[in-house]
Structures are given as C-alpha cells and as structure tokens.
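J.: protein38.cif is reproduced in full below (mmCIF, C-alpha atoms and all ligand atoms).
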data_start
#
loop_
_atom_site.label_atom_id
_atom_site.label_comp_id
_atom_site.auth_asym_id
_atom_site.auth_seq_id
_atom_site.Cartn_x
_atom_site.Cartn_y
_atom_site.Cartn_z
CA MET A 194 -8.19 -63.53 -60.25
CA GLU A 195 -7.76 -66.45 -58.04
CA THR A 196 -7.40 -66.04 -54.30
CA THR A 197 -6.32 -68.68 -51.86
CA ARG A 198 -6.76 -68.44 -48.09
CA LYS A 199 -7.11 -70.58 -45.03
CA THR A 200 -10.55 -70.80 -43.54
CA PRO A 201 -10.88 -70.93 -39.76
CA HIS A 202 -11.24 -74.66 -40.07
CA GLY A 203 -8.04 -74.96 -42.02
CA ALA A 204 -9.34 -76.06 -45.41
CA ASP A 205 -7.95 -74.47 -48.53
CA GLU A 206 -10.46 -72.36 -50.33
CA LYS A 207 -9.92 -71.30 -53.86
CA ARG A 208 -11.96 -68.52 -55.30
CA ASN A 209 -12.31 -66.69 -58.53
CA LEU A 210 -14.84 -63.96 -57.78
CA PRO A 211 -16.25 -60.79 -59.39
CA ALA A 212 -15.10 -57.41 -57.99
CA GLN A 213 -18.51 -56.55 -56.45
CA VAL A 214 -18.60 -59.83 -54.58
CA LYS A 215 -15.05 -59.25 -53.32
CA THR A 216 -16.10 -55.80 -52.06
CA LEU A 217 -18.98 -57.36 -50.18
CA ILE A 218 -16.67 -59.92 -48.68
CA VAL A 219 -14.26 -57.22 -47.55
CA LYS A 220 -17.15 -55.25 -45.97
CA ARG A 221 -18.39 -58.37 -44.24
CA ARG A 222 -14.92 -59.05 -42.84
CA LYS A 223 -14.68 -55.50 -41.51
CA PHE A 224 -18.10 -55.87 -39.89
CA LEU A 225 -17.08 -59.15 -38.28
CA ILE A 226 -13.84 -57.63 -36.99
CA VAL A 227 -15.70 -54.69 -35.45
CA ALA A 228 -18.34 -57.03 -33.96
CA ALA A 229 -15.64 -59.24 -32.50
CA ALA A 230 -13.95 -56.19 -30.95
CA PHE A 231 -17.23 -55.18 -29.30
CA CYS A 232 -17.73 -58.70 -27.96
CA LEU A 233 -14.22 -58.70 -26.52
CA LEU A 234 -14.75 -55.30 -24.89
CA GLY A 235 -18.12 -56.35 -23.50
CA GLY A 236 -16.69 -59.58 -22.12
CA THR A 237 -13.88 -57.71 -20.41
CA LEU A 238 -16.31 -55.25 -18.80
CA LEU A 239 -18.56 -58.11 -17.68
CA ALA A 240 -15.64 -59.99 -16.17
CA ARG A 241 -14.55 -56.85 -14.29
CA SER A 242 -18.09 -56.32 -13.05
CA GLN A 243 -18.31 -59.90 -11.83
CA ALA A 244 -14.93 -59.64 -10.17
CA ALA A 245 -16.01 -56.47 -8.39
CA THR A 246 -19.25 -58.13 -7.28
CA PHE A 247 -17.35 -61.12 -5.95
CA SER A 248 -14.89 -58.88 -4.17
CA THR A 249 -17.77 -57.04 -2.51
CA ALA A 250 -19.38 -60.33 -1.52
CA ILE A 251 -16.18 -61.54 0.00
CA GLU A 252 -15.82 -58.29 1.89
CA ALA A 253 -19.38 -58.50 3.13
CA GLU A 254 -18.66 -61.98 4.26
CA ALA A 255 -16.11 -60.47 6.58
CA GLY A 256 -13.08 -61.96 4.97
CA GLN A 257 -13.82 -65.39 6.29
CA GLN A 258 -14.29 -67.03 2.96
CA SER A 259 -11.49 -67.95 0.70
CA GLY A 260 -9.19 -65.31 -0.51
CA LYS A 261 -6.04 -63.69 0.49
CA ILE A 262 -6.61 -60.59 2.50
CA GLY A 263 -3.95 -57.99 2.24
CA ALA A 264 -2.22 -57.19 5.46
CA GLY A 265 -2.93 -53.86 7.06
CA PRO A 266 -0.51 -51.66 8.88
CA THR A 267 1.18 -53.49 11.70
CA SER A 268 1.14 -50.88 14.38
CA GLY A 269 0.21 -47.45 15.45
CA ALA A 270 -2.02 -46.54 12.53
CA SER A 271 -5.43 -45.06 12.94
CA GLY A 272 -8.40 -45.00 10.64
CA ASN A 273 -9.28 -47.44 7.94
CA ALA A 274 -6.70 -48.86 5.62
CA SER A 275 -7.29 -50.41 2.24
CA VAL A 276 -8.12 -54.08 1.98
CA THR A 277 -7.31 -56.20 -1.02
CA PHE A 278 -9.28 -59.32 -1.74
CA GLY A 279 -8.60 -62.00 -4.25
CA GLY A 280 -8.74 -65.75 -4.51
CA THR A 281 -11.41 -68.06 -5.79
CA ALA A 282 -15.12 -68.15 -5.26
CA GLY A 283 -16.93 -70.70 -3.18
CA GLY A 284 -14.30 -71.68 -0.71
CA GLY A 285 -10.74 -72.75 -1.16
CA THR A 286 -8.00 -72.31 1.31
CA ASN A 287 -8.03 -69.50 3.77
CA PRO A 288 -4.82 -69.44 5.72
CA ASN A 289 -6.20 -66.92 8.18
CA PRO A 290 -9.80 -67.52 9.22
CA THR A 291 -11.25 -65.85 12.28
CA THR A 292 -9.29 -68.20 14.43
CA PRO A 293 -9.54 -67.66 18.14
CA PRO A 294 -6.68 -68.95 20.22
CA PRO A 295 -7.16 -72.35 21.86
CA SER A 296 -10.10 -72.12 24.17
CA THR A 297 -11.29 -73.72 27.34
CA PRO A 298 -13.26 -76.78 26.24
CA PRO A 299 -16.63 -77.39 27.86
CA SER A 300 -16.47 -79.70 30.84
CA ASP A 301 -18.79 -82.64 31.26
CA ASP A 302 -20.35 -81.34 34.43
CA VAL A 303 -21.53 -78.04 33.08
CA LYS A 304 -23.94 -76.34 35.40
CA ALA A 305 -25.56 -72.99 35.37
CA THR A 306 -23.52 -70.54 37.38
CA SER A 307 -26.57 -68.34 37.80
CA CYS A 308 -29.93 -67.79 36.18
CA THR A 309 -31.15 -71.06 37.65
CA GLY A 310 -34.36 -72.07 35.97
CA ALA A 311 -33.95 -69.68 33.08
CA LYS A 312 -35.81 -70.67 29.94
CA PRO A 313 -34.96 -70.00 26.32
CA MET A 314 -36.62 -66.82 25.18
CA PRO A 315 -38.43 -68.21 22.11
CA THR A 316 -41.51 -70.29 22.92
CA ALA A 317 -40.63 -72.43 19.90
CA VAL A 318 -37.45 -73.63 21.60
CA THR A 319 -38.63 -76.35 23.97
CA GLY A 320 -37.13 -79.27 25.83
CA TYR A 321 -33.94 -77.50 26.83
CA THR A 322 -32.45 -76.91 30.25
CA ILE A 323 -29.94 -74.26 31.07
CA LYS A 324 -26.33 -75.41 31.39
CA LYS A 325 -24.39 -72.19 31.51
CA CYS A 326 -25.37 -68.66 32.35
CA GLU A 327 -23.28 -65.55 32.78
CA ASP A 328 -24.63 -62.20 33.90
CA PHE A 329 -21.27 -60.42 34.13
CA ASN A 330 -22.08 -59.21 37.59
CA GLY A 331 -18.50 -59.27 38.80
CA SER A 332 -15.61 -56.92 38.20
CA GLY A 333 -13.34 -58.94 35.93
CA ILE A 334 -13.27 -61.69 33.34
CA PRO A 335 -15.48 -64.39 34.87
CA SER A 336 -14.43 -67.96 35.54
CA GLY A 337 -14.86 -70.08 32.45
CA TRP A 338 -14.02 -67.24 30.10
CA THR A 339 -10.68 -66.55 28.43
CA ALA A 340 -9.70 -63.19 26.97
CA TYR A 341 -7.35 -63.46 24.03
CA ASN A 342 -3.94 -61.89 23.97
CA GLY A 343 -2.76 -61.73 20.39
CA GLY A 344 -3.49 -64.35 17.80
CA GLY A 345 -6.37 -64.46 15.42
CA GLY A 346 -4.89 -64.26 11.93
CA ASP A 347 -6.71 -61.79 9.75
CA THR A 348 -8.91 -60.61 12.55
CA VAL A 349 -6.05 -58.74 14.13
CA TYR A 350 -5.12 -55.27 13.00
CA GLY A 351 -2.49 -53.08 14.53
CA ALA A 352 -2.25 -53.55 18.24
CA GLY A 353 -4.53 -56.59 18.04
CA ARG A 354 -6.37 -58.48 20.74
CA GLN A 355 -5.59 -57.50 24.27
CA ALA A 356 -7.31 -58.63 27.44
CA SER A 357 -7.17 -55.02 28.62
CA GLN A 358 -9.88 -54.20 26.06
CA CYS A 359 -12.29 -56.62 27.78
CA LYS A 360 -13.86 -55.03 30.84
CA VAL A 361 -16.66 -56.09 33.15
CA ALA A 362 -18.50 -53.50 35.22
CA ASP A 363 -22.05 -52.65 36.25
CA GLY A 364 -23.33 -56.02 35.07
CA ILE A 365 -22.01 -55.56 31.53
CA LEU A 366 -19.13 -57.03 29.57
CA LYS A 367 -17.80 -54.16 27.49
CA GLN A 368 -15.48 -55.05 24.65
CA SER A 369 -13.67 -52.08 23.14
CA GLN A 370 -11.81 -51.58 19.91
CA GLN A 371 -9.44 -48.64 19.66
CA THR A 372 -8.36 -46.81 16.54
CA ASN A 373 -4.94 -48.42 16.72
CA GLY A 374 -6.58 -51.84 16.40
CA ALA A 375 -6.37 -52.82 20.06
CA THR A 376 -9.47 -54.90 20.64
CA CYS A 377 -11.13 -57.64 22.68
CA GLY A 378 -11.97 -61.25 21.93
CA MET A 379 -13.09 -63.88 24.42
CA SER A 380 -13.93 -67.56 24.39
CA SER A 381 -16.12 -69.40 26.84
CA ASN A 382 -16.92 -72.92 27.90
CA PHE A 383 -20.54 -72.37 26.91
CA GLY A 384 -21.25 -75.17 24.54
CA GLY A 385 -21.57 -78.74 23.40
CA LYS A 386 -22.66 -80.58 20.29
CA TYR A 387 -26.06 -79.03 19.53
CA GLY A 388 -27.94 -76.75 21.83
CA TYR A 389 -29.32 -73.28 22.10
CA TRP A 390 -27.27 -70.16 22.70
CA GLU A 391 -28.57 -66.73 23.65
CA VAL A 392 -26.65 -63.49 24.02
CA LYS A 393 -28.05 -60.08 24.88
CA MET A 394 -25.79 -57.71 23.03
CA LYS A 395 -25.40 -54.36 21.31
CA ALA A 396 -22.53 -53.00 19.24
CA TYR A 397 -21.90 -49.39 18.31
CA GLY A 398 -19.28 -46.68 17.83
CA GLY A 399 -16.72 -46.34 15.09
CA LYS A 400 -17.74 -47.84 11.79
CA GLY A 401 -15.79 -50.78 10.49
CA ALA A 402 -15.37 -52.71 13.72
CA HIS A 403 -16.70 -56.22 13.33
CA PRO A 404 -18.66 -57.76 16.23
CA VAL A 405 -19.24 -61.50 16.06
CA LEU A 406 -20.94 -64.17 18.16
CA ILE A 407 -19.57 -67.55 17.19
CA VAL A 408 -20.03 -71.21 18.01
CA TRP A 409 -16.44 -72.22 17.41
CA PRO A 410 -15.33 -75.87 17.19
CA ASP A 411 -13.70 -77.20 20.34
CA SER A 412 -11.18 -78.92 18.06
CA ASP A 413 -9.95 -75.50 16.87
CA LYS A 414 -9.76 -77.10 13.43
CA TRP A 415 -10.75 -74.84 10.55
CA PRO A 416 -12.42 -75.12 8.16
CA GLU A 417 -13.24 -78.79 8.60
CA GLY A 418 -14.33 -78.24 12.19
CA GLY A 419 -16.94 -75.71 11.09
CA GLU A 420 -17.75 -72.21 12.27
CA LEU A 421 -21.22 -70.99 13.15
CA ASP A 422 -21.29 -67.19 13.24
CA PHE A 423 -24.80 -66.59 14.51
CA PHE A 424 -24.30 -62.85 14.65
CA GLU A 425 -21.78 -61.03 12.50
CA ALA A 426 -21.70 -57.50 11.17
CA ASP A 427 -19.67 -54.45 10.42
CA ILE A 428 -20.72 -51.60 12.67
CA GLY A 429 -22.61 -49.37 10.29
CA GLY A 430 -23.72 -52.36 8.21
CA LYS A 431 -26.38 -55.04 8.46
CA ALA A 432 -26.55 -57.81 11.00
CA GLY A 433 -25.87 -61.15 9.41
CA VAL A 434 -25.49 -64.85 10.08
CA PHE A 435 -22.70 -66.83 8.44
CA LEU A 436 -22.79 -70.60 8.82
CA HIS A 437 -19.57 -71.88 7.36
CA CYS A 438 -19.23 -75.16 5.54
CA ALA A 439 -17.61 -77.73 7.82
CA SER A 440 -15.41 -79.19 5.12
CA SER A 441 -12.16 -78.60 3.35
CA LYS A 442 -14.15 -76.24 1.15
CA GLY A 443 -14.68 -73.71 3.89
CA GLY A 444 -16.63 -70.65 2.86
CA ASN A 445 -20.22 -70.02 3.73
CA CYS A 446 -22.98 -72.54 3.35
CA TYR A 447 -25.71 -70.28 4.68
CA HIS A 448 -26.02 -66.53 5.03
CA THR A 449 -28.79 -64.03 5.55
CA THR A 450 -29.16 -60.59 7.04
CA SER A 451 -31.50 -58.60 9.25
CA ASP A 452 -32.40 -54.92 9.33
CA VAL A 453 -32.58 -54.93 13.13
CA ASP A 454 -30.63 -52.03 14.64
CA PHE A 455 -27.94 -53.85 16.55
CA SER A 456 -26.68 -50.66 18.15
CA GLN A 457 -29.59 -51.23 20.55
CA TRP A 458 -30.03 -54.12 22.96
CA HIS A 459 -31.35 -57.30 21.38
CA VAL A 460 -31.24 -60.96 22.31
CA TRP A 461 -29.57 -63.01 19.60
CA GLY A 462 -30.60 -66.67 19.82
CA PHE A 463 -29.22 -69.62 17.90
CA GLU A 464 -30.42 -73.21 17.92
CA TRP A 465 -28.25 -75.95 16.47
CA THR A 466 -29.77 -79.41 16.11
CA ALA A 467 -28.69 -82.50 14.19
CA SER A 468 -30.78 -81.39 11.25
CA SER A 469 -31.24 -77.65 11.42
CA PHE A 470 -30.01 -74.21 12.38
CA THR A 471 -32.47 -71.55 13.52
CA GLY A 472 -31.83 -67.97 14.48
CA TYR A 473 -33.96 -65.78 16.72
CA ILE A 474 -33.97 -62.09 17.52
CA ASP A 475 -35.70 -61.19 20.78
CA GLY A 476 -37.50 -64.52 20.71
CA GLU A 477 -38.82 -64.11 17.16
CA LYS A 478 -37.64 -66.49 14.47
CA TRP A 479 -35.18 -64.85 12.12
CA TYR A 480 -34.31 -67.76 9.79
CA THR A 481 -34.08 -71.51 9.72
CA THR A 482 -32.12 -73.79 7.43
CA ASN A 483 -31.72 -77.52 7.04
CA ASP A 484 -28.53 -77.16 5.05
CA LYS A 485 -26.24 -79.98 6.14
CA GLY A 486 -23.08 -78.18 5.04
CA PRO A 487 -22.48 -76.25 8.27
CA GLN A 488 -23.03 -79.26 10.54
CA MET A 489 -19.94 -79.36 12.72
CA PRO A 490 -18.46 -82.80 13.37
CA GLY A 491 -17.89 -82.08 17.04
CA ALA A 492 -18.89 -79.84 19.88
CA GLY A 493 -18.56 -76.09 19.82
CA HIS A 494 -18.43 -73.27 22.31
CA LEU A 495 -19.39 -69.60 22.36
CA THR A 496 -16.87 -66.92 21.55
CA ILE A 497 -17.58 -63.18 21.67
CA GLN A 498 -15.23 -61.11 19.57
CA LEU A 499 -15.03 -57.50 18.48
CA ASP A 500 -12.91 -58.22 15.46
CA ASN A 501 -11.37 -55.76 13.09
CA LEU A 502 -10.16 -57.94 10.24
CA SER A 503 -7.09 -56.74 8.41
CA GLY A 504 -7.01 -53.02 8.00
CA ARG A 505 -10.45 -52.47 9.38
CA ALA A 506 -9.87 -50.78 12.69
CA PRO A 507 -12.50 -48.09 13.24
CA SER A 508 -11.95 -44.36 12.88
CA ALA A 509 -13.43 -43.95 16.37
CA THR A 510 -13.56 -46.29 19.34
CA ALA A 511 -16.11 -49.06 18.87
CA TYR A 512 -17.89 -51.12 21.53
CA MET A 513 -19.65 -54.41 21.93
CA ASP A 514 -21.64 -54.67 25.15
CA VAL A 515 -22.97 -57.94 26.48
CA ASP A 516 -25.50 -58.02 29.31
CA TRP A 517 -25.63 -61.79 29.55
CA ALA A 518 -24.94 -65.06 27.72
CA ARG A 519 -26.62 -68.45 28.14
CA TYR A 520 -26.28 -71.97 26.84
CA TYR A 521 -29.00 -74.62 26.98
CA SER A 522 -28.98 -78.24 25.93
CA LYS A 523 -31.43 -81.16 25.87
CA CA A 601 -25.68 -58.39 33.02
#
Translate this structure into structure tokens?
Ligand SMILES: [Ca+2]

T.:
Amino acid sequence: METTRKTPHGADEKRNLPAQVKTLIVKRRKFLIVAAAFCLLGGTLLARSQAATFSTAIEAEAGQQSGKIGAGPTSGASGNASVTFGGTAGGGTNPNPTTPPPSTPPSDDVKATSCTGAKPMPTAVTGYTIKKCEDFNGSGIPSGWTAYNGGGGDTVYGAGRQASQCKVADGILKQSQQTNGATCGMSSNFGGKYGYWEVKMKAYGGKGAHPVLIVWPDSDKWPEGGELDFFEADIGGKAGVFLHCASSKGGNCYHTTSDVDFSQWHVWGFEWTASSFTGYIDGEKWYTTNDKGPQMPGAGHLTIQLDNLSGRAPSATAYMDVDWARYYSK
C-alpha cells in the first residue's frame, strides 16, 4: 500500500512499507507528539518562572526601572494594596520615575552653614572640603531645603507628599509616612557635579515604606539626566544602592545590597567622581564601581524622600530620621 505525505520540509514522500514498519512509524510519531507536548509545557513553565523572577527584580528595584506600575487606591485607604508590574527588562520607558518636583539648584557660592571644618568620615575620601552642612537644629524646614507638596509620579500613594509630614525638632529631621499614604519628601541645594555626600539616617516603622537618599539631576530630566540612589530600601528589606543609567535606556546600571540594620543610626556616604562611584557605611567602604553608565551629564543635588511607590503605603506609620547631611567637593 502506497502512502503519500508531506514531510516537514515540504517534499513529497512516497512509501510502500511492511505493516511492522508502519506500526513502528506510528509509535515513533506518538512518542514525538508526547515529547513535543512535554517540551511545550516545560517551556511555558520556564517562561512563567522567568517572568515571576523579573517581576520580583523589578519590585526589588523599587519600581524605578521600566515597567508600568499599576495605580494604587487614590485616597483614604490603609494597608498595602496590590502592585502590578509589567513591561520590558533592562530599561525602556518609565513614565513615572521617582521624580521629585523641581528643586532648588545649588548656588555657585555654596558655603557650609555649620559644621565648619568637618571632614568626610572615611579616611579614604581625601582632598575634599565641606560645602554644605545641615544639623537640623532649628524648628522647621531649614533654608536651602524644599519640602514637596504633591507630585512624584509613582512614588505617591493615597494622600501623597505633604510638607506637614516633614518635621524638625530636637536636632532631627523626622519624615513620617502615614497609613493613608501621606508622606514626606525633600530636596536640598546640597550638590554639584561630583563630590561626596554623607547622611546620618535611620528608617523604621511600618513595613513597605521606601526611604531613599538620592543625588538627583539639577536638570530634573529623567532618565537621561541620571539618578544616583545611594541608599534605597523597603522598610523590612535590605539596604541597597541603585545607580541608574543616565541614558534613554533608564533602568539600573549598578546595584548591590547590604545587611546593615538601617533601623539604627548609620552614616551613609557616597562619593561620585568622573570615573567612579563608591559607597560607605559608617566610614567603611561598602562598594565601588567604575561603570560609566550612571555618570550624570550635569550636576546633582541631595534629596531625602520617604517614598511609598504605588500601593505601598505601610500598615503602620513609618519614619525616616536624619540627624545631619553634608556635601563636600574638591
Ligand atoms: Ca542633628
């Protein structure tokens, strides 16, 4: 009996085969069909696993990479809401980065307001002189600092940023984040192109709040202006550094974490030079990288923000306390 079929490559194949051989062929076809089904199932599971891993990575990266972050409740809600991540890996367009409102740009005649003669904490950081220093010894938002009211894209949940959540007393700046999302974010004129920043800080309270110390581009352009998050964490998670790529790609060019308990006082130091970025914790080197990707094209300034990202307001009030902040340059 003659059989005619199309091979996968399209050529006609005529056969006149014994019954036993035909049986073997049929068995082989069944085996191949079953094997193909397993491959398809395995591929699907692998793709789901990879997608879940990517989603987790994006979440860990605090929603600042590419991806569309689902909006949380707009008002009055308490507790944590679900967050949906999607988008593409490795950058892309993020319509809502952690964008502070326009800030006060550094002036040319920056001088230390206090702490005259202060030196950078790490002995490895040499050749710098102090340009700005804030001890928060007053009773309100100090000169040179701006508390945000509103704004901030994905970093705002519920009631959002309000200057009333930024308080200065007893030598401490205390940023609070309430369960309805009301929170504090502030920018400073502490900065320039390159330099060394130090902030003595602790963050604690309701899990999910997202404290960040950022060198933000004076241009307010993102992502091409860059974004150097030299401390960033979820309360209840690990301290991290996220140095964003200063390009249309956005996303992170460098990231690492530390096991240091940031609910206790520590000094977070960050040196930015023309060829490197180096982090310090209490004067000890944390990391260094020569990656050129995060190099910002212009000057940057310090911002201190207790963010919440979309849908991430804490289930209990969270706090970010700052004893002092300093900026040095060469
Ligand atoms: Ca202080």

J.: Could you give me, as an MDAnalysis selection string, the residues that have an atom at most 7 Å away from the point (-20.5, -70.9, 14.9) in the coordinates of the file, using only C-alpha atoms?

T.: chainID A and resid 407:409 420:423 436

J.: Please write out the residues within 7 Å of ligand CA 601 (chain A) as a PyMOL selection string, counting only C-alpha atoms and all ligand atoms.

T.: chain A and resi 328-330+364-365+516-517

J.: Please report the interatomic distance between CA of Arg505 (chain A) and CA of Trp415 (chain A) in Å with one decimal.

T.: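 Those two atoms sit 22.4 Å apart.
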
J.: Using only C-alpha atoms for the distances, tell me which of A:Ala311, A:Val318, A:Leu502, A:Ile497 is nearest to Tyr473 (chain A).

T.: A:Val318

J.: One number please: CA of Gln355 (chain A) to CA of Leu499 (chain A), in Å, one decimal.

T.: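 For CA of Gln355 (chain A) relative to CA of Leu499 (chain A), the distance reads 11.1 Å.
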
J.: Record the distance separating CA of Ser357 (chain A) and CA of Tyr341 (chain A), expressed in Å with one decimal.

T.: 9.6 Å

J.: Quick one: which region 326-397 of chain A residues come within 12 Å of region 477-491 of chain A, and what is the nearest atom pair for each with the distance in Å to one decimal, counting only C-alpha atoms, rows ordered by chain and ascending number, as a Markdown table?

T.:
| residue | atom | partner | partner_atom | distance |
| --- | --- | --- | --- | --- |
| A:Gly384 | CA | A:Gly491 | CA | 10.7 |
| A:Gly385 | CA | A:Gly491 | CA | 8.1 |
| A:Lys386 | CA | A:Gly491 | CA | 6.0 |
| A:Tyr387 | CA | A:Gly491 | CA | 9.1 |

J.: Identify which of the residues A:Glu417, A:Asp363, A:Asp454, A:Asp411 lies closest to Gly429 (chain A), counting all atoms listed in the file when measuring atom-to-atom distances.

T.: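 Between A:Glu417, A:Asp363, A:Asp454, A:Asp411, the residue approaching Gly429 (chain A) most closely is A:Asp454.
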
J.: From the list A:Thr450, A:Ser441, A:Ser468, A:Ser369, which residue is nearest Met513 (chain A) when using only C-alpha atoms?

T.: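 Looking at the shortest contact to Met513 (chain A), the residue is A:Ser369.
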